[in-house]
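Here is the file model_35.tsv (TSV, C-alpha atoms).
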chain	number	residue	atom	x	y	z
A	1	MET	CA	62.51	-24.30	-45.27
A	2	GLN	CA	62.81	-26.31	-48.45
A	3	ARG	CA	59.79	-27.82	-50.17
A	4	SER	CA	61.23	-31.29	-49.60
A	5	GLU	CA	61.34	-30.65	-45.84
A	6	LEU	CA	57.69	-29.60	-45.80
A	7	ILE	CA	56.63	-32.68	-47.74
A	8	ALA	CA	58.64	-34.94	-45.45
A	9	LEU	CA	57.03	-33.41	-42.35
A	10	LEU	CA	53.49	-33.71	-43.74
A	11	ASP	CA	53.98	-37.26	-45.00
A	12	ALA	CA	55.50	-38.42	-41.72
A	13	THR	CA	52.60	-36.85	-39.81
A	14	LEU	CA	49.67	-37.95	-41.99
A	15	GLU	CA	51.02	-41.26	-43.38
A	16	PRO	CA	49.19	-41.07	-46.72
A	17	TRP	CA	50.45	-44.51	-47.78
A	18	ARG	CA	48.00	-46.09	-45.31
A	19	PHE	CA	44.97	-44.97	-47.33
A	20	LYS	CA	43.28	-45.98	-50.55
A	21	ASP	CA	42.21	-42.55	-51.73
A	22	TYR	CA	40.40	-40.89	-54.64
A	23	ALA	CA	43.20	-38.43	-55.50
A	24	PRO	CA	46.98	-38.22	-54.99
A	25	ASN	CA	48.08	-37.07	-51.55
A	26	GLY	CA	51.09	-34.82	-51.04
A	27	LEU	CA	52.66	-32.55	-53.64
A	28	GLN	CA	50.28	-32.14	-56.58
A	29	VAL	CA	51.84	-29.16	-58.38
A	30	GLU	CA	55.52	-28.28	-58.00
A	31	GLY	CA	56.52	-24.67	-57.39
A	32	ARG	CA	59.58	-22.92	-55.97
A	33	ASP	CA	62.00	-24.79	-53.72
A	34	ALA	CA	62.02	-22.36	-50.79
A	35	VAL	CA	58.84	-22.19	-48.71
A	36	ARG	CA	58.49	-19.32	-46.25
A	37	LYS	CA	54.76	-18.56	-46.38
A	38	ILE	CA	51.91	-21.05	-46.68
A	39	VAL	CA	48.22	-20.37	-47.27
A	40	THR	CA	45.86	-23.11	-46.10
A	41	GLY	CA	42.20	-23.66	-46.95
A	42	VAL	CA	39.64	-26.41	-47.43
A	43	THR	CA	39.63	-26.44	-51.24
A	44	ALA	CA	42.14	-25.32	-53.88
A	45	SER	CA	39.60	-23.16	-55.67
A	46	GLN	CA	40.57	-20.32	-57.99
A	47	ALA	CA	39.55	-17.88	-55.26
A	48	LEU	CA	41.97	-19.47	-52.77
A	49	LEU	CA	44.79	-19.47	-55.33
A	50	ASP	CA	44.18	-15.78	-56.03
A	51	VAL	CA	44.41	-14.98	-52.32
A	52	ALA	CA	47.64	-16.99	-52.05
A	53	VAL	CA	49.20	-15.10	-54.95
A	54	ALA	CA	48.08	-11.73	-53.58
A	55	ARG	CA	49.58	-12.50	-50.18
A	56	GLY	CA	52.90	-13.70	-51.50
A	57	ALA	CA	52.58	-17.36	-50.53
A	58	ASP	CA	55.07	-19.98	-51.64
A	59	ALA	CA	52.72	-22.91	-51.08
A	60	VAL	CA	49.03	-23.72	-50.78
A	61	LEU	CA	48.05	-26.55	-48.44
A	62	VAL	CA	44.50	-27.90	-48.74
A	63	HIS	CA	42.18	-30.81	-47.99
A	64	HIS	CA	40.57	-30.87	-51.45
A	65	GLY	CA	43.15	-30.69	-54.22
A	66	TYR	CA	43.06	-31.86	-57.84
A	67	PHE	CA	43.32	-34.92	-60.10
A	68	TRP	CA	40.37	-36.86	-58.69
A	69	LYS	CA	39.67	-40.40	-59.82
A	70	ASN	CA	37.63	-40.54	-63.06
A	71	GLU	CA	37.79	-36.77	-63.66
A	72	ASP	CA	38.42	-35.49	-67.20
A	73	ALA	CA	42.22	-35.49	-67.65
A	74	ARG	CA	42.26	-32.68	-70.22
A	75	VAL	CA	43.80	-29.37	-69.15
A	76	THR	CA	41.07	-26.99	-70.30
A	77	GLY	CA	38.72	-24.41	-68.79
A	78	VAL	CA	38.73	-24.21	-65.00
A	79	LYS	CA	41.57	-26.74	-64.68
A	80	ARG	CA	43.77	-24.79	-67.10
A	81	ARG	CA	43.16	-21.50	-65.27
A	82	ARG	CA	43.95	-23.02	-61.88
A	83	LEU	CA	47.12	-24.74	-63.07
A	84	LYS	CA	48.26	-21.62	-64.94
A	85	THR	CA	47.85	-19.57	-61.75
A	86	LEU	CA	49.97	-22.04	-59.79
A	87	LEU	CA	52.67	-22.39	-62.43
A	88	ASP	CA	52.93	-18.68	-63.26
A	89	ALA	CA	53.35	-17.84	-59.57
A	90	GLU	CA	55.62	-20.86	-58.87
A	91	LEU	CA	53.20	-21.89	-56.12
A	92	ASN	CA	53.44	-25.37	-54.64
A	93	LEU	CA	50.11	-27.15	-54.18
A	94	LEU	CA	49.93	-29.81	-51.48
A	95	ALA	CA	46.74	-31.72	-50.69
A	96	TYR	CA	45.83	-34.37	-48.14
A	97	HIS	CA	42.37	-35.91	-48.36
A	98	LEU	CA	41.56	-39.07	-46.37
A	99	PRO	CA	44.80	-38.86	-44.34
A	100	LEU	CA	43.61	-35.52	-42.99
A	101	ASP	CA	40.12	-36.81	-42.28
A	102	ALA	CA	41.55	-39.64	-40.21
A	103	HIS	CA	44.45	-38.14	-38.23
A	104	PRO	CA	43.83	-38.79	-34.50
A	105	THR	CA	44.55	-35.23	-33.32
A	106	LEU	CA	44.86	-32.90	-36.32
A	107	GLY	CA	42.23	-34.51	-38.53
A	108	ASN	CA	38.79	-33.33	-39.53
A	109	ASN	CA	36.97	-35.94	-37.42
A	110	ALA	CA	39.12	-35.23	-34.38
A	111	ARG	CA	38.74	-31.47	-34.60
A	112	LEU	CA	35.00	-31.63	-35.26
A	113	ALA	CA	34.59	-33.79	-32.15
A	114	GLU	CA	36.39	-31.17	-30.11
A	115	VAL	CA	34.26	-28.35	-31.50
A	116	LEU	CA	31.00	-30.22	-30.85
A	117	GLY	CA	31.94	-31.64	-27.45
A	118	LEU	CA	31.98	-35.31	-28.48
A	119	ALA	CA	34.05	-37.88	-26.58
A	120	LEU	CA	35.53	-40.51	-28.89
A	121	GLU	CA	34.80	-44.15	-28.03
A	122	GLY	CA	35.87	-45.89	-31.22
A	123	GLN	CA	36.30	-45.91	-34.98
A	124	GLY	CA	34.94	-48.12	-37.72
A	125	GLY	CA	33.54	-48.07	-41.21
A	126	GLU	CA	35.56	-47.79	-44.40
A	127	GLN	CA	39.25	-47.25	-43.57
A	128	GLY	CA	38.30	-46.32	-40.00
A	129	LEU	CA	36.74	-43.04	-41.12
A	130	LEU	CA	33.48	-43.42	-39.17
A	131	TRP	CA	33.97	-42.31	-35.56
A	132	HIS	CA	31.56	-42.75	-32.66
A	133	GLY	CA	31.28	-41.51	-29.10
A	134	ARG	CA	29.14	-39.61	-26.61
A	135	VAL	CA	27.90	-36.08	-26.13
A	136	ASP	CA	28.98	-34.44	-22.88
A	137	VAL	CA	25.35	-33.68	-21.94
A	138	PRO	CA	22.46	-35.84	-23.25
A	139	GLN	CA	19.92	-33.70	-25.08
A	140	SER	CA	17.19	-33.91	-27.68
A	141	ALA	CA	18.18	-34.20	-31.33
A	142	ARG	CA	16.64	-30.78	-31.82
A	143	ASP	CA	18.86	-29.27	-29.14
A	144	PHE	CA	21.88	-31.14	-30.46
A	145	ALA	CA	21.27	-29.67	-33.93
A	146	ALA	CA	21.05	-26.23	-32.32
A	147	ARG	CA	24.43	-26.89	-30.68
A	148	VAL	CA	25.88	-27.80	-34.08
A	149	ALA	CA	24.49	-24.58	-35.54
A	150	ALA	CA	25.92	-22.43	-32.76
A	151	ARG	CA	29.38	-24.00	-32.87
A	152	LEU	CA	29.78	-24.25	-36.64
A	153	GLY	CA	28.05	-20.98	-37.48
A	154	ARG	CA	25.79	-22.72	-39.97
A	155	GLU	CA	22.24	-24.02	-39.64
A	156	PRO	CA	22.27	-27.81	-40.21
A	157	LEU	CA	19.52	-29.89	-41.75
A	158	LEU	CA	18.00	-32.20	-39.13
A	159	LEU	CA	16.24	-35.33	-40.37
A	160	GLY	CA	14.46	-38.00	-38.35
A	161	PRO	CA	13.14	-37.87	-34.76
A	162	ALA	CA	13.82	-34.35	-33.46
A	163	GLY	CA	12.64	-35.27	-29.96
A	164	LYS	CA	14.89	-38.31	-29.53
A	165	THR	CA	17.38	-38.06	-26.68
A	166	VAL	CA	20.93	-38.13	-28.01
A	167	HIS	CA	23.49	-39.96	-25.90
A	168	ARG	CA	25.71	-41.55	-28.54
A	169	VAL	CA	26.76	-39.99	-31.84
A	170	ALA	CA	28.60	-41.20	-34.93
A	171	TRP	CA	30.29	-38.72	-37.24
A	172	CYS	CA	32.34	-38.44	-40.41
A	173	THR	CA	33.03	-35.05	-41.94
A	174	GLY	CA	32.37	-34.08	-45.55
A	175	GLY	CA	30.34	-36.20	-47.96
A	176	ALA	CA	29.78	-39.29	-45.82
A	177	GLN	CA	26.00	-39.63	-46.08
A	178	GLY	CA	26.56	-43.14	-47.46
A	179	PHE	CA	27.89	-44.19	-44.04
A	180	PHE	CA	24.50	-43.72	-42.38
A	181	ALA	CA	23.58	-47.42	-42.23
A	182	ASP	CA	27.00	-48.23	-40.74
A	183	ALA	CA	26.46	-45.52	-38.13
A	184	VAL	CA	23.04	-46.93	-37.23
A	185	ALA	CA	24.61	-50.38	-36.78
A	186	MET	CA	26.85	-48.85	-34.11
A	187	GLY	CA	23.77	-48.20	-31.98
A	188	VAL	CA	23.98	-44.41	-32.01
A	189	ASP	CA	21.16	-41.92	-31.55
A	190	ALA	CA	22.42	-39.41	-34.10
A	191	PHE	CA	24.78	-39.21	-37.08
A	192	VAL	CA	26.64	-36.06	-38.14
A	193	THR	CA	28.19	-35.51	-41.55
A	194	GLY	CA	28.46	-32.72	-44.09
A	195	GLU	CA	26.15	-33.64	-46.94
A	196	VAL	CA	22.79	-35.33	-47.37
A	197	SER	CA	21.05	-37.45	-50.02
A	198	GLU	CA	17.36	-37.92	-50.69
A	199	GLN	CA	17.19	-41.39	-49.16
A	200	ASN	CA	18.65	-40.19	-45.85
A	201	HIS	CA	15.29	-38.60	-44.99
A	202	HIS	CA	13.45	-41.90	-45.27
A	203	LEU	CA	16.17	-43.88	-43.53
A	204	ALA	CA	16.30	-41.47	-40.59
A	205	GLU	CA	12.56	-41.79	-40.12
A	206	GLU	CA	12.57	-45.57	-40.43
A	207	TYR	CA	15.69	-46.20	-38.32
A	208	GLY	CA	14.57	-43.69	-35.70
A	209	VAL	CA	18.05	-42.16	-35.72
A	210	ALA	CA	18.64	-38.42	-36.17
A	211	PHE	CA	20.66	-37.37	-39.23
A	212	VAL	CA	22.42	-34.01	-39.01
A	213	ALA	CA	23.78	-32.60	-42.28
A	214	ALA	CA	26.01	-29.77	-41.09
A	215	GLY	CA	27.74	-28.77	-44.33
A	216	HIS	CA	30.71	-30.26	-46.17
A	217	HIS	CA	32.83	-27.14	-45.86
A	218	ALA	CA	31.67	-26.32	-42.35
A	219	THR	CA	32.61	-29.75	-40.98
A	220	GLU	CA	36.01	-29.78	-42.71
A	221	ARG	CA	37.41	-26.35	-41.84
A	222	TYR	CA	39.05	-27.43	-38.64
A	223	GLY	CA	41.47	-30.12	-39.77
A	224	ILE	CA	43.31	-28.07	-42.37
A	225	LYS	CA	43.49	-25.14	-39.95
A	226	ALA	CA	44.98	-27.39	-37.26
A	227	LEU	CA	47.44	-28.89	-39.75
A	228	GLY	CA	48.64	-25.44	-40.76
A	229	GLU	CA	49.12	-24.42	-37.13
A	230	PHE	CA	51.13	-27.61	-36.58
A	231	VAL	CA	53.38	-26.82	-39.55
A	232	ALA	CA	53.93	-23.28	-38.25
A	233	ARG	CA	54.96	-24.61	-34.83
A	234	GLU	CA	57.27	-27.25	-36.24
A	235	THR	CA	58.99	-25.18	-38.92
A	236	GLY	CA	58.63	-21.50	-38.03
A	237	ALA	CA	57.04	-20.81	-41.44
A	238	GLU	CA	54.33	-18.16	-41.72
A	239	VAL	CA	51.02	-19.97	-42.18
A	240	GLU	CA	47.67	-18.28	-42.84
A	241	PHE	CA	44.33	-20.09	-42.85
A	242	VAL	CA	41.86	-18.58	-45.32
A	243	ASP	CA	38.25	-19.56	-44.72
A	244	LEU	CA	36.41	-18.66	-47.92
A	245	PRO	CA	32.60	-18.71	-47.61
A	246	ASN	CA	30.91	-21.84	-48.91
A	247	PRO	CA	27.23	-22.64	-48.22
A	248	VAL	CA	27.60	-26.34	-49.06
structure tokens encoding of this file:
Amino acid sequence: MQRSELIALLDATLEPWRFKDYAPNGLQVEGRDAVRKIVTGVTASQALLDVAVARGADAVLVHHGYFWKNEDARVTGVKRRRLKTLLDAELNLLAYHLPLDAHPTLGNNARLAEVLGLALEGQGGEQGLLWHGRVDVPQSARDFAARVAARLGREPLLLGPAGKTVHRVAWCTGGAQGFFADAVAMGVDAFVTGEVSEQNHHLAEEYGVAFVAAGHHATERYGIKALGEFVARETGAEVEFVDLPNPV
């Protein structure tokens, strides 16, 4: 397929124009026109680019790309090395941030809900990125955190009342610890996100709502993997998901 066909498919599916984002969505670095093999991953790190080059990819498709708002615009150091790798290999870099978080079936929130056994009841918060619903079996916050650990393969940090019975849960993958107060206002018993800040400990105790920090990378692996599988089905391209270890 041609690069333009891939971009058209991704844009039509994820509708990036609906979001006010912190980085450009879509094609970030232009490579060769023909795209036969795609490597997908959470973040366009140097390690992921090196894997893509070694495996003969024509494009890299990620959730976390480049050119973030307020970042240093100079092409030096790490940024220079990454861009040089892409340009030397004629690799296309495509990135979708909030559009991938929000997609109703392929997105990070949707796929995390499936992995954790959460039934969606609604969406709210900034740009509809905060989802809420119910667990399939009510359980203590301690047991719910153990479920998260078993299903994500990573031990989460549990804050707040470990013995509280969890019926309703709010979640937003990645670095959404700032959504905690909005989640509490939804009347949930627990909130799941990737990262945690110091004040979340105090708020969890004072609100009486469990806060589960399950890892930024761990909560956002599933959307980009699902998106790659969708592209493979729709286009016949070879797509490989590369899950590089990340403890954060």
- Task: Using only C-alpha atoms, find the one residue out of A:Ile224, A:Ala214, A:Ala141, A:Leu100 that sits nearest to Thr40 of chain A.
- Result: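 With only C-alpha atoms as the atom set, the closest residue is A:Ile224.
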- Looking at only C-alpha atoms, which of A:Gly133, A:Gly228, A:Gly31, A:Gly124 is the one that sits closest to Leu9 of chain A?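 Ranking A:Gly133, A:Gly228, A:Gly31, A:Gly124 by distance to Leu9 of chain A, first place goes to A:Gly228.
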- Message: I'd like the contact shell of segment 194-200 of chain A - 9 Å cut-off, only C-alpha atoms, skipping same-chain residues fewer than 6 positions apart - returned as a list in words.
- Response: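 Close residues of segment 194-200 of chain A: Pro156, Leu157, Leu159, Gly160, Cys172, Thr173, Gly174, Gly175, Ala176, Gln177, Gly178, Phe180, Phe211, Val212, Ala213, Ala214, Gly215, His216, His217, Ala218, Thr219, Glu220 and Val248 of chain A.
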- Task: Could you jot down the atom CA of Ala113 of chain A to atom CA of Leu14 of chain A separation for me, Å, one decimal place?
- Result: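 For atom CA of Ala113 of chain A relative to atom CA of Leu14 of chain A, the distance reads 18.5 Å.
You can rank A:Ala190, A:Leu112, A:Ala150, A:Leu93 by their closest distance to Pro138 of chain A using only C-alpha atoms, and at the top of that list sits A:Ala190.
Of note, atom CA of Thr85 of chain A and atom CA of Glu30 of chain A are spaced 12.2 Å apart.
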- Message: Report, in Å to a single decimal, how far apart atom CA of His63 of chain A and atom CA of Leu120 of chain A are.
- Response: 22.4 Å
- Polymer residues at most 12 Å from Phe19 of chain A, all atoms listed in the file, same-chain spacing of 5 or more positions, as a ChimeraX atom specification: /A:14,24-25,96-103,126-129
Export of the given selection (C-alpha atoms) as an mmCIF file, keeping the file's coordinate frame:
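See result.cif below for the written result:
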data_model
loop_
_atom_site.group_PDB
_atom_site.id
_atom_site.type_symbol
_atom_site.label_atom_id
_atom_site.label_comp_id
_atom_site.auth_asym_id
_atom_site.auth_seq_id
_atom_site.Cartn_x
_atom_site.Cartn_y
_atom_site.Cartn_z
ATOM 1 C CA LEU A 14 49.670 -37.950 -41.990
ATOM 2 C CA PRO A 24 46.980 -38.220 -54.990
ATOM 3 C CA ASN A 25 48.080 -37.070 -51.550
ATOM 4 C CA TYR A 96 45.830 -34.370 -48.140
ATOM 5 C CA HIS A 97 42.370 -35.910 -48.360
ATOM 6 C CA LEU A 98 41.560 -39.070 -46.370
ATOM 7 C CA PRO A 99 44.800 -38.860 -44.340
ATOM 8 C CA LEU A 100 43.610 -35.520 -42.990
ATOM 9 C CA ASP A 101 40.120 -36.810 -42.280
ATOM 10 C CA ALA A 102 41.550 -39.640 -40.210
ATOM 11 C CA HIS A 103 44.450 -38.140 -38.230
ATOM 12 C CA GLU A 126 35.560 -47.790 -44.400
ATOM 13 C CA GLN A 127 39.250 -47.250 -43.570
ATOM 14 C CA GLY A 128 38.300 -46.320 -40.000
ATOM 15 C CA LEU A 129 36.740 -43.040 -41.120
#
Could you make a table, as a tab-separated table, of the residues of segment 20-126 of chain A that have an atom within 10 Å of an atom of segment 151-155 of chain A, each with its nearest atom pair and distance in Å to one decimal, counting all atoms listed in the file, in chain and number order?
residue	atom	partner	partner_atom	distance
A:Leu112	CA	A:Leu152	CA	9.1
A:Val115	CA	A:Arg151	CA	6.7
A:Leu116	CA	A:Arg151	CA	6.7
A:Gly117	CA	A:Arg151	CA	9.7
Within 10 Å of Gly122 of chain A using all atoms listed in the file, minus same-chain residues under 6 positions, as a PDB file with C-alpha atoms, in the frame of the given file:
ATOM      1  CA  GLY A 128      38.300 -46.320 -40.000  1.00  0.00           C
ATOM      2  CA  LEU A 130      33.480 -43.420 -39.170  1.00  0.00           C
ATOM      3  CA  TRP A 131      33.970 -42.310 -35.560  1.00  0.00           C
ATOM      4  CA  HIS A 132      31.560 -42.750 -32.660  1.00  0.00           C
ATOM      5  CA  GLY A 133      31.280 -41.510 -29.100  1.00  0.00           C
ATOM      6  CA  ALA A 170      28.600 -41.200 -34.930  1.00  0.00           C
ATOM      7  CA  MET A 186      26.850 -48.850 -34.110  1.00  0.00           C
TER       8      MET A 186
END
- Query: For Gly223 of chain A, which residue among A:Leu106, A:Ala47, A:Glu90, A:Asn70 is the nearest when counting all atoms listed in the file?
  - Reply: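 Among A:Leu106, A:Ala47, A:Glu90, A:Asn70, it is A:Leu106 that comes nearest to Gly223 of chain A.
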- Taking into account only C-alpha atoms, which residue in the set A:Ser45, A:Gln28, A:Thr193, A:Ser4 is nearest to Arg82 of chain A?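 With only C-alpha atoms as the atom set, the closest residue is A:Ser45.
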- Query: Near Tyr222 of chain A, counting only C-alpha atoms, which residues have an atom at most 8 Å away, once you skip same-chain residues fewer than 5 positions from it, shown as an NGL selection string?
  - Reply: :A and (107-108 or 111-112)
- Message: Considering only C-alpha atoms, can you say which of A:Val192, A:Ala12, A:Val62, A:Val78 comes closest to Thr43 of chain A?
- Response: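 Once distances to Thr43 of chain A are computed over only C-alpha atoms, the minimum belongs to A:Val62.
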